[in-house]
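K.L.:
See run_18.pdb below, with PDB, C-alpha atoms.
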```pdb
ATOM      1  CA  MET L   1     -32.374  -8.105  15.332
ATOM      2  CA  PRO L   2     -29.345  -5.794  15.742
ATOM      3  CA  ASP L   3     -29.296  -2.384  14.106
ATOM      4  CA  PHE L   4     -27.422  -1.927  10.897
ATOM      5  CA  ILE L   5     -24.968   0.862  11.690
ATOM      6  CA  ILE L   6     -22.823   2.550   9.089
ATOM      7  CA  LYS L   7     -19.699   4.123  10.490
ATOM      8  CA  ASN L   8     -18.371   7.158   8.721
ATOM      9  CA  ARG L   9     -14.698   6.828   8.194
ATOM     10  CA  LYS L  10     -12.392   9.740   7.976
ATOM     11  CA  LYS L  11     -12.225  10.784   4.350
ATOM     12  CA  LYS L  12      -8.822  11.522   2.954
ATOM     13  CA  GLU L  13      -8.273  13.345  -0.237
ATOM     14  CA  CYS L  14      -7.401  10.681  -2.749
ATOM     15  CA  GLU L  15      -7.026  10.590  -6.460
ATOM     16  CA  GLN L  16      -7.624   7.563  -8.564
ATOM     17  CA  PHE L  17      -4.509   6.669 -10.488
ATOM     18  CA  THR L  18      -3.890   3.710 -12.720
ATOM     19  CA  CYS L  19      -0.604   1.869 -12.672
ATOM     20  CA  ARG L  20       0.563  -1.562 -13.647
ATOM     21  CA  ILE L  21       1.458  -4.046 -10.936
ATOM     22  CA  GLU L  22       3.063  -7.364 -11.699
ATOM     23  CA  VAL L  23       0.517 -10.179 -11.421
ATOM     24  CA  GLU L  24       2.573 -12.171  -8.915
ATOM     25  CA  LEU L  25       3.102  -9.101  -6.721
ATOM     26  CA  LEU L  26      -0.588  -8.243  -6.743
ATOM     27  CA  GLU L  27      -1.455 -11.792  -5.721
ATOM     28  CA  LYS L  28       1.015 -11.562  -2.822
ATOM     29  CA  ILE L  29      -0.545  -8.253  -1.762
ATOM     30  CA  ARG L  30      -4.053  -9.702  -1.888
ATOM     31  CA  ARG L  31      -2.927 -12.713   0.135
ATOM     32  CA  ILE L  32      -1.303 -10.497   2.788
ATOM     33  CA  VAL L  33      -4.479  -8.420   3.066
ATOM     34  CA  LEU L  34      -6.692 -11.491   3.384
ATOM     35  CA  ASP L  35      -4.432 -13.444   5.731
ATOM     36  CA  ASN L  36      -4.073 -10.485   8.075
ATOM     37  CA  ASN L  37      -7.640  -9.239   7.887
ATOM     38  CA  LEU L  38      -6.499  -5.802   6.727
ATOM     39  CA  PRO L  39      -9.076  -3.165   5.727
ATOM     40  CA  SER L  40      -8.326  -3.169   1.994
ATOM     41  CA  VAL L  41      -5.749  -3.626  -0.724
ATOM     42  CA  ASN L  42      -5.839   0.128  -1.350
ATOM     43  CA  SER L  43      -5.090   0.875   2.279
ATOM     44  CA  PHE L  44      -2.224  -1.608   2.338
ATOM     45  CA  ILE L  45      -0.692  -0.236  -0.854
ATOM     46  CA  ASN L  46      -0.999   3.361   0.406
ATOM     47  CA  GLN L  47       0.664   2.476   3.710
ATOM     48  CA  SER L  48       3.413   0.582   1.897
ATOM     49  CA  LEU L  49       4.065   3.489  -0.441
ATOM     50  CA  LYS L  50       4.167   5.983   2.444
ATOM     51  CA  PHE L  51       6.668   3.806   4.271
ATOM     52  CA  SER L  52       8.810   3.458   1.145
ATOM     53  CA  VAL L  53       8.800   7.170   0.395
ATOM     54  CA  ASP L  54       9.556   8.107   4.008
ATOM     55  CA  ASN L  55      12.465   5.663   4.163
ATOM     56  CA  ILE L  56      13.966   5.922   0.711
ATOM     57  CA  LYS L  57      17.721   6.128   0.307
ATOM     58  CA  ILE L  58      19.096   6.954  -3.072
ATOM     59  CA  LEU L  59      22.583   5.761  -3.870
ATOM     60  CA  GLU L  60      24.855   8.106  -5.731
ATOM     61  CA  ASP L  61      26.748   6.754  -8.745
ATOM     62  CA  SER L  62      29.996   6.691  -6.764
ATOM     63  CA  GLU L  63      28.379   4.628  -3.984
ATOM     64  CA  GLU L  64      27.214   1.983  -6.445
ATOM     65  CA  GLU L  65      30.747   1.542  -7.794
ATOM     66  CA  GLU L  66      32.123   0.921  -4.284
ATOM     67  CA  GLU L  67      29.845  -2.051  -3.640
TER
END
```
I need this file expressed as structure tokens, please.
P.N.:
Amino acid sequence: MPDFIIKNRKKKECEQFTCRIEVELLEKIRRIVLDNNLPSVNSFINQSLKFSVDNIKILEDSEEEEE
């Protein structure tokens, strides 16, 4: 019988925070995680948030009027 080996993963400082996520969006997220064999919903959401924050562009009021 093979050994049961627990791998320590790199711990990151995290804080539990509660927020509301639309039901349909959460279902899509869960489906993406399952379909792509991703580590976890938490990991996916964290990566998505990091990407969003790193790539955010905020339109000024004058830019919105031009569109």
K.L.:
Between CA of Glu15 in chain L and CA of Ile56 in chain L, what is the distance, to one decimal in Å?
P.N.:
22.7 Å
K.L.:
Using all atoms listed in the file, can you tell me which of L:Val41, L:Gln16, L:Phe51, L:Ile5 comes closest to Lys28 in chain L?
P.N.:
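Distance minimum relative to Lys28 in chain L lands on L:Val41.
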K.L.:
What is the CA of Phe44 in chain L-CA of Lys12 in chain L distance in Å, reported with one decimal?
P.N.:
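We find that CA of Phe44 in chain L and CA of Lys12 in chain L lie 14.7 Å from each other.
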K.L.:
Please, what distance in Å, to one decimal, runs between CA of Arg31 in chain L and CA of Lys57 in chain L?
P.N.:
28.0 Å
K.L.:
Between L:Cys14, L:Val53, L:Ile45, L:Ile58, which residue has the minimum interatomic distance to Ile29 in chain L, considering only C-alpha atoms?
P.N.:
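That would be L:Ile45, the residue with the smallest distance to Ile29 in chain L.
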